[in-house]
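Before any comments, here is the structure.
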Amino acid sequence: MNMNYTAEELAFRDEVRSFLEQKLPADIAAKVKRGRRMSRADHERWQQILSKQGWYATHWPEEYGGVKWSAVQKHIWDEESCRYGAPRSIPFGVNMVAPVIIKFGSEEQKQQYLPRILSGEDWWCQGYSEPGAGSDLASLKTRAVREGDHYVVNGQKTWTTLGQHANMIFCLVRTNTEVKAQEGISFLLIDMETPGVTVRPIITLDGEHEVNEVFFDNVKVPVENLVGEEDKGWTYAKYLLTYERTGLAGIGASKAALSHLKGIASRQKKNGRPLIEDPSFAQRVAQVEIDLMAAAISNLRIIASVEGGGVPGAESSMLKVRGTEIRQAITDLARRALGPYAQPFVEEELNLDYEGDFLSDQDGAPLSAQYFNMRKLSIFGGSNEIQKNIVTKMILGL
Amino acid sequence: MDFRLNEEQQMLQDTVARLVRGEYEFEKRLKYSESELGFSEDFWKQLGELGLCAVPFPEELGGFGGSGVDVQSVMTELGRGLCLEPYMQTVILGGGIISQAGSDSQKEDWLGRIATGELKVAVGLQEPQSHYNLNDVETRAKKSGDGYTLNGRKGVLIGGHAAGLIIVSARTSGDSRDADGLSLFAIDPEAAGVDRRTYPTMDGAKGCDVFLKDVKVGADALIGTEGKAGDVIQYQAGRAMAALCAEAVGAMEESIKLTLEYLKTRKQFGVPIGKFQVLQHRMVDMSSELEQARSASILAASVANDEASDERTRTLAAAKNIIGRAGQHISEQAIQLHGGIGMTWEYSLAHYAKRLIMINHQLGDDDHHLEAYAGLLQAS
Ligand SMILES: Cc1cc2nc3c(=O)[nH]c(=O)nc-3n(C[C@H](O)[C@H](O)[C@H](O)COP(=O)(O)OP(=O)(O)OC[C@H]3O[C@@H](n4cnc5c(N)ncnc54)[C@H](O)[C@@H]3O)c2cc1C
């Protein structure tokens with residue numbers, strides 16, 4: 001056993017660090033670290049910088065503009081970029097639809113979409129969930145009926161993250177109602193500018209506009225936009241979910257959040273002393289740090305097994321559950337650290353260019369909202385209950 | 001033993017429940033919350049007209065002589081409606097301080113107007129550094145002439161933006177965190193040197209911080225004995241904690257009701273999700289947390305108006321600790337069991353969750369009260 005990085009891996013880490021030191025814009029890093037609001041332009045700016053470096057599409061084969069990083073290298077990148085406050089890439093284009101197109105798409109689709117993802121011309125969103133189909137995704141009802149050289153799509157998708165910015169959506173649609181639920185689903189790429197597509201905001205409990213409803217009313221989609229074979233979409237969707245899940249443990253993000261929490265707890269006071277010195281608060285922080293330490297090793301164990309040629313199995317479901325619980329515990333503590341000042345919600349302090357006095361901690365304003373927002377971690381990407389069902393069957397054989 | 005409400009208490013609870021049902025359906029609540037005032041002036045007036053703002057005041061002061069249990073009945077229903085009016089601040093905390101420590105003329109001036117709903121009060125006991133320790137007061141009041149000059153800052157006064165009278169704690173002697181040397185002052189929010197920074201709160205209410213710069217008040221602004229307010233503050237904070245416990249129970253009951261309905265109606269995999277055993281057991285856990293919370297609220301109400309004692313302090317700390325934990329458990333599970341819907345602004349559930357979590361940030365969270373309780377543990 002050897003838990004240390006190799007000399008090459010260490011050299012890679014140095015390279016990553018110096019890239020981040022030089023190229024990560026300070027204003028963007030400040031927004032990420034301090035929980036301030038990010039604009040669409042911020043995401044795009046950072047994506048351009050990554051693309052230029054050739055480090056945007058880290059999961060793709062080199063021939064399409066990807067970079068051949070090992071699992072360990074990806075892990076190093078994740079850790080370091082979180083530590084420096086780099087924004088997480090919006091995954092829908094680069095990490096979700098692209099691997100599906102690369103594996104199952106036509107040559108034309110590859111040529112059409114992959115470069116536009118790299119360059120940031122297309123902003124993708126994910127159209128899986130429907131009001132009646134969440135955990136039970138196979139029960140989806142959005143219909144696509146083939147008429148000549150196009151499909152006519154009718155139905156509704158929901159919880160579409162950042163759909164308000166997107167010009168493309170990849171959807172699971174029902175193309176066959178005669179067969180078993182999983183067998184009549186297809187994977188369609190839809191231009192959101194097509195007549196009949198309507199996007200409506202859903203405001204989340206923290207007041208943010210992060211998700212949307214997307215309605216399809218007789219939307220004509222060219223058949224060229226079908227990925228792979230008709231009625232085989234479920235296979236592609238499952239392939240994509242393994243990609244989605246591996247990132248969801250968010251170990252790097254939790255490490256960054258923990259260090260932010262410690263910063264806040266050392267500025268906040270209790271009985272005239274920094275809160276972090278308070279024995280009971282310190283114990284709570286210690287507990288989550290200990291849990292995170294073990295989860296980080298679990299994460300590395302999965303990475304090492306992938307590196308050794310394995311596929312991430314149901315272990316990544318366990319890690320998703322644990323990782324999201326840890327992240328939620330950190331946001332709970334951050335809110336608690338503010339004491340009575342967890343109550344005010346001072347919107348203007350969420351902007352980086354705010355120049356007034358801070359009501360409480362300089363980074364306090366977003367903390368309660370973040371706590372509520374992070375409840376989503378255990379709901380999306382396959383709820384934690386669903387992950388446990390997977391573990392029950394796949395690992396425990398129950 | 002009989003845990004049922006007596007006839008009068010039941011009537012009181014029914015009155016409030018009816019009023020809340022009529023005026024506070026969820027869409028209206030959202031509108032009140034978004035308005036400049038942040039609550040319904042009309043609803044507040046009705047509370048006054050129905051005598052509800054006088055519930056806890058002694059009969060000789062025009063009140064109802066209400067017990068802790070009476071207050072509990074009112075607060076539970078206000079919690080069920082997620083009501084935004086500053087009832088706890090004005091009637092329980094403000095009214096309580098004045099009743100306990102005020103001079104005859106202060107009582108006459110203020111309590112009558114509170115009772116009718118004419119006067120709203122906000123009470124500032126904490127400061128940016130105090131983190132729930134109500135003795136951690138750095139605001140200073142210096143004797144000057146007949147009166148005092150106040151300097152300092154009071155934090156997170158819920159409803160303070162709309163208050164006609166602000167009561168603050170300030171140090172007339174001693175050092176930060178000394179229990180001795182605290183005094184209470186009544187301040188006119190419009191007086192020179194008083195600045196309010198108003199903001200919305202996470203749970204849809206409004207509050208403010210109050211900045212005091214060379215604020216001059218007369219001797220008649222002092223409530224109670226100079227330097228001896230520590231006991232009054234602790235006692236009244238205890239009553240307010242009991243009120244918050246009751247409010248939380250109302251919000252928990254609604255959260256659980258909504259979640260249970262959802263488990264019965266939401267179908268996935270061809271069955272109502274309530275058929276999944278893991279969710280059934282979660283629901284059972286939530287319901288037993290609620291039972292614990294109900295008991296805690298009854299306990300708190302039963303000692304709220306007792307004479308000050310370690311026993312009372314300990315009981316109230318225990319109750320607030322349980323309420324804090326149960327509130328968080330129920331909120332988090334209720335959201336989780338709802339899936340995406342539980343995360344939305346449009347649906348009331350998320351707002352109950354926010355209120356419950358914020359109640360834990362008022363007058364001490366579960367950690368704070370666990371520590372308080374531990375400090376009073378008796379070796380048996
Ligand atoms: C902020 C946010 C962003 C999202 N972004 C996207 C997006 O971009 N694109 C997209 O397509 N979707 C998105 N989703 C949707 C997300 O994937 C679904 O919310 C999730 O799959 C759960 O579905 P549901 O909300 O319908 O809940 P339900 O499936 O109705 O679940 C309700 C509850 O029942 C539990 N449950 C259900 N089935 C079982 C079972 N068999 N055993 C035990 N428990 C069970 C669930 O775990 C949950 O607790 C997003 C959701 C959120 C909250």
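In the structure tokens, each chain is lettered A, B, ... as it comes, each chain's residues begin at 1, and ligands are numbered from 1 in order of appearance.
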Would you mind listing, for every residue of chain B within 7 Å of chain A, the two atoms forming the shortest contact and the distance between them in Å to one decimal, using only C-alpha atoms, sorted by chain and ascending residue number, as CSV?
residue,atom,partner,partner_atom,distance
B:Pro128,CA,A:Ser360,CA,6.7
B:Gln129,CA,A:Lys269,CA,5.5
B:Ser130,CA,A:Lys270,CA,6.5
B:His131,CA,A:Gly339,CA,5.1
B:Tyr132,CA,A:Gly339,CA,6.8
B:Val156,CA,A:Tyr341,CA,6.9
B:Tyr199,CA,A:Val346,CA,6.1
B:Pro200,CA,A:Phe345,CA,5.6
B:Thr201,CA,A:Pro344,CA,4.2
B:Met202,CA,A:Phe345,CA,5.4
B:Gln268,CA,A:Asp136,CA,5.5
B:Phe269,CA,A:Asp136,CA,5.6
B:Gln336,CA,A:Ile379,CA,6.5
B:Gly339,CA,A:Ile379,CA,5.7
B:Gly340,CA,A:Ile379,CA,6.8
B:Met343,CA,A:Leu205,CA,5.4
B:Thr344,CA,A:Thr204,CA,4.2
B:Trp345,CA,A:Leu205,CA,4.4
B:Ala350,CA,A:Leu205,CA,5.9
B:Met358,CA,A:Gln343,CA,6.2
B:His361,CA,A:Pro340,CA,5.1
B:Gln362,CA,A:Pro340,CA,6.1
Dump as a PDB file, in the first residue's frame, selection limited to C-alpha atoms:
ATOM      1  CA  PRO B 128     -22.933  41.611  17.472  1.00  0.00           C
ATOM      2  CA  GLN B 129     -20.498  39.979  19.887  1.00  0.00           C
ATOM      3  CA  SER B 130     -22.984  38.461  22.285  1.00  0.00           C
ATOM      4  CA  HIS B 131     -23.865  35.173  20.560  1.00  0.00           C
ATOM      5  CA  TYR B 132     -26.916  34.493  22.758  1.00  0.00           C
ATOM      6  CA  VAL B 156     -31.449  41.714  15.284  1.00  0.00           C
ATOM      7  CA  TYR B 199     -33.441  44.095   6.603  1.00  0.00           C
ATOM      8  CA  PRO B 200     -35.562  41.105   5.726  1.00  0.00           C
ATOM      9  CA  THR B 201     -34.888  37.923   7.620  1.00  0.00           C
ATOM     10  CA  MET B 202     -34.458  34.445   6.238  1.00  0.00           C
ATOM     11  CA  GLN B 268     -43.362   6.965  -7.753  1.00  0.00           C
ATOM     12  CA  PHE B 269     -42.719   3.431  -9.011  1.00  0.00           C
ATOM     13  CA  GLN B 336     -36.118  15.624   1.972  1.00  0.00           C
ATOM     14  CA  GLY B 339     -37.980  15.889  -2.940  1.00  0.00           C
ATOM     15  CA  GLY B 340     -37.690  18.860  -5.288  1.00  0.00           C
ATOM     16  CA  MET B 343     -37.204  23.237  -2.066  1.00  0.00           C
ATOM     17  CA  THR B 344     -39.613  25.684  -3.658  1.00  0.00           C
ATOM     18  CA  TRP B 345     -40.646  29.147  -2.608  1.00  0.00           C
ATOM     19  CA  ALA B 350     -40.156  25.435   2.859  1.00  0.00           C
ATOM     20  CA  MET B 358     -34.727  30.606  12.646  1.00  0.00           C
ATOM     21  CA  HIS B 361     -31.492  31.321  16.326  1.00  0.00           C
ATOM     22  CA  GLN B 362     -33.757  33.318  18.625  1.00  0.00           C
TER      23      GLN B 362
END
Review point. Which polymer residues have any atom within 12 Å of an atom of Ala374 (chain B), counting only C-alpha atoms, with same-chain residues fewer than 4 positions away left out, as an NGL selection string?
Key: (:A and (280)) or (:B and (310 or 313-315 or 317-318 or 321 or 366-370 or 378-379))
Selection to disk with all heavy atoms, as a short mmCIF file (atom, residue, chain, number, x, y, z; two decimals), in the first residue's frame:
data_model
loop_
_atom_site.label_atom_id
_atom_site.label_comp_id
_atom_site.auth_asym_id
_atom_site.auth_seq_id
_atom_site.Cartn_x
_atom_site.Cartn_y
_atom_site.Cartn_z
N SER A 280 -17.52 23.25 22.84
CA SER A 280 -18.57 22.47 22.18
C SER A 280 -18.63 22.77 20.68
O SER A 280 -18.84 21.86 19.87
CB SER A 280 -19.93 22.65 22.86
OG SER A 280 -20.31 23.99 22.84
N ASP B 310 -33.59 28.10 39.82
CA ASP B 310 -32.76 27.27 38.96
C ASP B 310 -33.63 26.26 38.23
O ASP B 310 -33.40 25.95 37.07
CB ASP B 310 -31.72 26.50 39.80
CG ASP B 310 -30.49 27.36 40.04
OD1 ASP B 310 -30.50 28.54 39.60
OD2 ASP B 310 -29.54 26.87 40.70
N THR B 313 -35.25 27.91 35.26
CA THR B 313 -34.24 28.17 34.23
C THR B 313 -33.87 26.90 33.49
O THR B 313 -33.78 26.85 32.26
CB THR B 313 -32.96 28.75 34.87
OG1 THR B 313 -33.33 29.84 35.67
CG2 THR B 313 -31.97 29.20 33.82
N ARG B 314 -33.67 25.84 34.30
CA ARG B 314 -33.25 24.57 33.73
C ARG B 314 -34.35 24.01 32.82
O ARG B 314 -34.09 23.53 31.72
CB ARG B 314 -32.96 23.60 34.88
CG ARG B 314 -32.25 22.36 34.45
CD ARG B 314 -31.67 21.57 35.61
NE ARG B 314 -32.53 21.57 36.78
CZ ARG B 314 -32.06 21.76 38.02
NH1 ARG B 314 -30.79 21.95 38.23
NH2 ARG B 314 -32.90 21.74 39.03
N THR B 315 -35.56 24.09 33.29
CA THR B 315 -36.68 23.56 32.50
C THR B 315 -36.82 24.30 31.17
O THR B 315 -37.02 23.69 30.11
CB THR B 315 -38.00 23.69 33.30
OG1 THR B 315 -37.81 23.05 34.56
CG2 THR B 315 -39.15 23.03 32.56
N ALA B 317 -34.51 25.94 29.57
CA ALA B 317 -33.37 25.61 28.70
C ALA B 317 -33.59 24.25 28.04
O ALA B 317 -33.34 24.07 26.84
CB ALA B 317 -32.08 25.61 29.51
N ALA B 318 -34.10 23.31 28.84
CA ALA B 318 -34.36 21.98 28.29
C ALA B 318 -35.38 22.06 27.16
O ALA B 318 -35.20 21.46 26.09
CB ALA B 318 -34.87 21.05 29.40
N ASN B 321 -33.95 23.59 24.04
CA ASN B 321 -33.01 22.65 23.41
C ASN B 321 -33.78 21.61 22.58
O ASN B 321 -33.44 21.33 21.43
CB ASN B 321 -32.17 21.96 24.51
CG ASN B 321 -31.37 20.78 23.96
OD1 ASN B 321 -31.84 19.64 23.99
ND2 ASN B 321 -30.19 21.05 23.44
N ASP B 366 -29.99 25.20 20.24
CA ASP B 366 -29.95 23.99 21.07
C ASP B 366 -28.61 23.79 21.75
O ASP B 366 -28.55 23.35 22.90
CB ASP B 366 -30.35 22.75 20.23
CG ASP B 366 -29.59 22.65 18.92
OD1 ASP B 366 -29.39 23.69 18.28
OD2 ASP B 366 -29.20 21.54 18.53
N ASP B 367 -27.52 24.18 21.08
CA ASP B 367 -26.20 24.07 21.73
C ASP B 367 -26.11 24.98 22.95
O ASP B 367 -25.64 24.59 24.02
CB ASP B 367 -25.09 24.50 20.75
CG ASP B 367 -24.88 23.49 19.63
OD1 ASP B 367 -25.31 22.34 19.80
OD2 ASP B 367 -24.30 23.87 18.60
N HIS B 368 -26.55 26.21 22.75
CA HIS B 368 -26.50 27.19 23.84
C HIS B 368 -27.26 26.68 25.07
O HIS B 368 -26.78 26.76 26.20
CB HIS B 368 -27.10 28.51 23.34
CG HIS B 368 -27.25 29.54 24.40
ND1 HIS B 368 -26.22 30.37 24.78
CD2 HIS B 368 -28.31 29.88 25.19
CE1 HIS B 368 -26.64 31.18 25.75
NE2 HIS B 368 -27.90 30.90 26.01
N HIS B 369 -28.45 26.14 24.81
CA HIS B 369 -29.27 25.71 25.94
C HIS B 369 -28.83 24.39 26.54
O HIS B 369 -29.05 24.13 27.72
CB HIS B 369 -30.75 25.70 25.54
CG HIS B 369 -31.28 27.10 25.39
ND1 HIS B 369 -31.35 27.97 26.45
CD2 HIS B 369 -31.69 27.80 24.31
CE1 HIS B 369 -31.81 29.14 26.03
NE2 HIS B 369 -32.01 29.08 24.72
N LEU B 370 -28.17 23.59 25.74
CA LEU B 370 -27.58 22.37 26.29
C LEU B 370 -26.50 22.77 27.30
O LEU B 370 -26.40 22.23 28.40
CB LEU B 370 -26.98 21.52 25.17
CG LEU B 370 -26.34 20.20 25.60
CD1 LEU B 370 -27.38 19.27 26.22
CD2 LEU B 370 -25.67 19.52 24.41
N GLN B 378 -27.71 18.94 38.38
CA GLN B 378 -27.59 18.64 39.81
C GLN B 378 -27.03 17.25 39.97
O GLN B 378 -27.54 16.31 39.35
CB GLN B 378 -28.98 18.68 40.45
CG GLN B 378 -29.46 20.08 40.74
CD GLN B 378 -30.89 20.03 41.22
OE1 GLN B 378 -31.68 19.23 40.76
NE2 GLN B 378 -31.20 20.92 42.15
N ALA B 379 -26.04 17.15 40.82
CA ALA B 379 -25.61 15.79 41.17
C ALA B 379 -26.72 15.20 42.01
O ALA B 379 -27.23 15.85 42.91
CB ALA B 379 -24.32 15.87 41.97
#
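Across the structure, CA of Trp46 (chain A) and CA of Tyr236 (chain A) are spaced 29.0 Å apart.
Here the question is which of A:Val321, A:Lys68, A:Ile303, A:Ala334 gets nearest to Ile386 (chain A) using only C-alpha atoms, and that residue is A:Val321.
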Point to revise | Near-Thr139 (chain B) list (12 Å; only C-alpha atoms; drop same-chain fewer than 2 positions) as a PyMOL selection string | key: chain B and resi 124-130+134-137+141-142+149-155+168-177+181-185+210-215
Could you write out the selected residues, including N, CA and C atoms, as a short mmCIF file (atom, residue, chain, number, x, y, z; two decimals), in the first residue's frame?
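File part35.cif, as written:
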data_model
loop_
_atom_site.label_atom_id
_atom_site.label_comp_id
_atom_site.auth_asym_id
_atom_site.auth_seq_id
_atom_site.Cartn_x
_atom_site.Cartn_y
_atom_site.Cartn_z
N GLY B 124 -34.26 44.99 22.30
CA GLY B 124 -32.89 44.68 21.87
C GLY B 124 -32.07 44.22 23.05
N LEU B 125 -31.83 42.92 23.12
CA LEU B 125 -31.06 42.38 24.23
C LEU B 125 -29.67 41.92 23.80
N GLN B 126 -29.51 41.67 22.50
CA GLN B 126 -28.23 41.11 22.08
C GLN B 126 -27.46 42.09 21.20
N GLU B 127 -26.19 41.76 20.99
CA GLU B 127 -25.28 42.64 20.25
C GLU B 127 -24.43 41.77 19.33
N PRO B 128 -23.71 42.43 18.43
CA PRO B 128 -22.93 41.61 17.47
C PRO B 128 -22.00 40.60 18.13
N GLN B 129 -21.45 40.91 19.27
CA GLN B 129 -20.50 39.98 19.89
C GLN B 129 -21.17 39.02 20.86
N SER B 130 -22.47 39.16 21.10
CA SER B 130 -22.98 38.46 22.28
C SER B 130 -23.34 36.99 22.07
N LEU B 134 -26.91 36.97 27.02
CA LEU B 134 -27.60 38.25 27.21
C LEU B 134 -26.89 39.16 28.21
N ASN B 135 -25.90 38.62 28.89
CA ASN B 135 -25.08 39.49 29.75
C ASN B 135 -23.94 40.13 28.98
N ASP B 136 -23.73 39.66 27.76
CA ASP B 136 -22.62 40.19 26.96
C ASP B 136 -23.07 41.50 26.30
N VAL B 137 -23.03 42.56 27.09
CA VAL B 137 -23.57 43.85 26.65
C VAL B 137 -22.47 44.89 26.72
N ALA B 141 -24.66 53.16 28.97
CA ALA B 141 -25.52 54.28 29.31
C ALA B 141 -24.84 55.05 30.43
N LYS B 142 -24.51 56.32 30.13
CA LYS B 142 -23.83 57.15 31.14
C LYS B 142 -24.81 58.13 31.73
N THR B 149 -27.01 59.09 28.68
CA THR B 149 -26.61 59.14 27.27
C THR B 149 -26.19 57.73 26.86
N LEU B 150 -26.78 57.25 25.78
CA LEU B 150 -26.52 55.87 25.35
C LEU B 150 -25.67 55.81 24.09
N ASN B 151 -24.73 54.87 24.11
CA ASN B 151 -23.92 54.60 22.93
C ASN B 151 -23.76 53.10 22.75
N GLY B 152 -23.90 52.66 21.53
CA GLY B 152 -23.69 51.24 21.28
C GLY B 152 -24.59 50.75 20.16
N ARG B 153 -24.68 49.45 20.08
CA ARG B 153 -25.44 48.86 18.99
C ARG B 153 -26.18 47.62 19.48
N LYS B 154 -27.45 47.54 19.14
CA LYS B 154 -28.24 46.36 19.49
C LYS B 154 -28.60 45.60 18.21
N GLY B 155 -28.54 44.27 18.33
CA GLY B 155 -28.65 43.47 17.12
C GLY B 155 -29.94 42.68 16.96
N VAL B 168 -34.04 48.64 25.18
CA VAL B 168 -32.70 48.06 25.01
C VAL B 168 -32.06 47.81 26.37
N SER B 169 -31.17 46.83 26.38
CA SER B 169 -30.34 46.66 27.55
C SER B 169 -29.06 47.46 27.34
N ALA B 170 -28.55 48.07 28.39
CA ALA B 170 -27.31 48.81 28.30
C ALA B 170 -26.60 48.70 29.64
N ARG B 171 -25.31 48.87 29.55
CA ARG B 171 -24.50 48.72 30.75
C ARG B 171 -24.36 50.07 31.44
N THR B 172 -24.79 50.14 32.70
CA THR B 172 -24.57 51.37 33.47
C THR B 172 -23.34 51.21 34.36
N SER B 173 -22.88 49.97 34.52
CA SER B 173 -21.62 49.74 35.24
C SER B 173 -21.13 48.34 34.91
N GLY B 174 -19.93 48.06 35.36
CA GLY B 174 -19.39 46.71 35.19
C GLY B 174 -18.76 46.50 33.82
N ASP B 175 -18.25 45.30 33.67
CA ASP B 175 -17.56 44.93 32.43
C ASP B 175 -18.44 44.06 31.57
N SER B 176 -18.04 43.97 30.32
CA SER B 176 -18.69 43.04 29.41
C SER B 176 -18.91 41.71 30.09
N ARG B 177 -20.12 41.21 29.96
CA ARG B 177 -20.50 39.88 30.44
C ARG B 177 -20.74 39.80 31.95
N GLY B 181 -24.94 45.32 36.67
CA GLY B 181 -24.63 46.57 35.96
C GLY B 181 -25.44 46.78 34.71
N LEU B 182 -26.40 45.88 34.46
CA LEU B 182 -27.25 46.06 33.29
C LEU B 182 -28.51 46.84 33.65
N SER B 183 -28.91 47.68 32.71
CA SER B 183 -30.15 48.43 32.89
C SER B 183 -30.96 48.36 31.62
N LEU B 184 -32.24 48.61 31.75
CA LEU B 184 -33.13 48.62 30.58
C LEU B 184 -33.65 50.03 30.34
N PHE B 185 -33.63 50.42 29.09
CA PHE B 185 -34.10 51.76 28.73
C PHE B 185 -35.14 51.71 27.62
N VAL B 210 -30.09 48.38 15.70
CA VAL B 210 -30.30 49.74 16.17
C VAL B 210 -28.95 50.32 16.62
N PHE B 211 -28.59 51.43 16.01
CA PHE B 211 -27.32 52.09 16.33
C PHE B 211 -27.63 53.29 17.20
N LEU B 212 -26.96 53.36 18.33
CA LEU B 212 -27.22 54.44 19.28
C LEU B 212 -25.99 55.32 19.39
N LYS B 213 -26.15 56.57 19.00
CA LYS B 213 -25.01 57.48 19.06
C LYS B 213 -25.38 58.70 19.89
N ASP B 214 -24.78 58.78 21.07
CA ASP B 214 -25.08 59.87 22.00
C ASP B 214 -26.58 60.13 22.12
N VAL B 215 -27.29 59.08 22.33
CA VAL B 215 -28.75 59.22 22.45
C VAL B 215 -29.10 59.66 23.87
#
Practice item. Fewer than 5 positions away in the same chain doesn't count, so skip those; otherwise give me all residues within 6 Å of region 221-226 of chain A, counting only C-alpha atoms, as JSON, numbers by chain. Key: {"A": [149, 150, 151, 188, 189]}
Could you write out that same residue set with C-alpha atoms as a tab-separated table (two decimals), in the first residue's frame?
chain	number	residue	atom	x	y	z
A	149	ASP	CA	-37.81	13.85	-40.86
A	150	HIS	CA	-38.56	15.21	-37.44
A	151	TYR	CA	-40.02	14.37	-34.06
A	188	LEU	CA	-33.00	13.83	-27.88
A	189	LEU	CA	-31.00	17.02	-28.30
Practice item. Enumerate the residues of region 103-276 of chain A with a DSSP assignment of alpha helix (DSSP H), computed from the backbone, and present them as a ChimeraX atom specification. Key: /A:103-104,107-119,233-247,251-267
Taking only residues of chain B that have an atom at most 9 Å from an atom of ligand 1, what is each one's shortest atom pair and its distance in Å to one decimal, using only C-alpha atoms and all ligand atoms, in chain and number order, as a tab-separated table?
residue	atom	partner	partner_atom_place_in_ligand_line	distance
B:Tyr262	CA	ligand 1	32 (C)	8.8
B:Leu263	CA	ligand 1	34 (O)	7.8
B:Arg266	CA	ligand 1	30 (O)	6.3
B:Lys267	CA	ligand 1	30 (O)	6.9
B:Gln268	CA	ligand 1	38 (N)	5.8
B:Phe269	CA	ligand 1	41 (N)	6.8
B:Ile273	CA	ligand 1	34 (O)	5.7
B:Gly274	CA	ligand 1	34 (O)	8.0
B:Lys275	CA	ligand 1	42 (N)	8.6
B:Phe276	CA	ligand 1	42 (N)	5.4
B:Gln277	CA	ligand 1	43 (C)	7.5
B:Val278	CA	ligand 1	43 (C)	6.1
B:Leu279	CA	ligand 1	44 (N)	6.1
B:Gln333	CA	ligand 1	49 (O)	8.2
B:Ala334	CA	ligand 1	49 (O)	8.7
B:Ile335	CA	ligand 1	49 (O)	7.9
B:Gln336	CA	ligand 1	49 (O)	4.8
B:Leu337	CA	ligand 1	49 (O)	3.7
B:His338	CA	ligand 1	32 (C)	4.8
B:Gly339	CA	ligand 1	27 (O)	3.8
B:Gly340	CA	ligand 1	25 (O)	3.6
B:Ile341	CA	ligand 1	25 (O)	6.0
B:Gly342	CA	ligand 1	53 (C)	8.0
B:Met343	CA	ligand 1	53 (C)	6.1
B:Thr344	CA	ligand 1	53 (C)	8.4
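Nearest residue to Glu315 (chain A), choosing from A:Gln73, A:Gln328, A:Ser254, A:Leu396 and counting only C-alpha atoms: A:Leu396.
For the pair CA of Cys82 (chain A) and CA of Ile49 (chain A), the separation is 16.1 Å.
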Point to revise | Which of region 35-195 of chain B fall in strand (DSSP E), as number ranges by chain | key: B: 121-124, 140-144, 147-158, 165-171, 182-187, 194-195
Practice item. Could you jot down the CA of Lys23 (chain A) to CA of Arg88 (chain A) separation for me, Å, one decimal place? Key: 15.2 Å
Practice item. Determine, counting only C-alpha atoms, which protein, DNA and RNA residues have an atom within 12 Å of an atom of Phe19 (chain A); residues of the same chain fewer than 2 positions away are not included. Present the result as a PyMOL selection string. Key: chain A and resi 12-17+21-25+49-50+52-55+77+80-81+84+86
Review point. Leaving out region 57-74 of chain B and any residue of its chain fewer than 4 positions from it, which residues lie within 6 Å of it when counting only C-alpha atoms, given as a PyMOL selection string?
Key: chain B and resi 9+13+246+301-302+304
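Considering the residues A:Val153, A:Lys262, A:Ala256, A:Arg36 and counting only C-alpha atoms, Ala365 (chain A) has its shortest atom-to-atom contact with A:Arg36.
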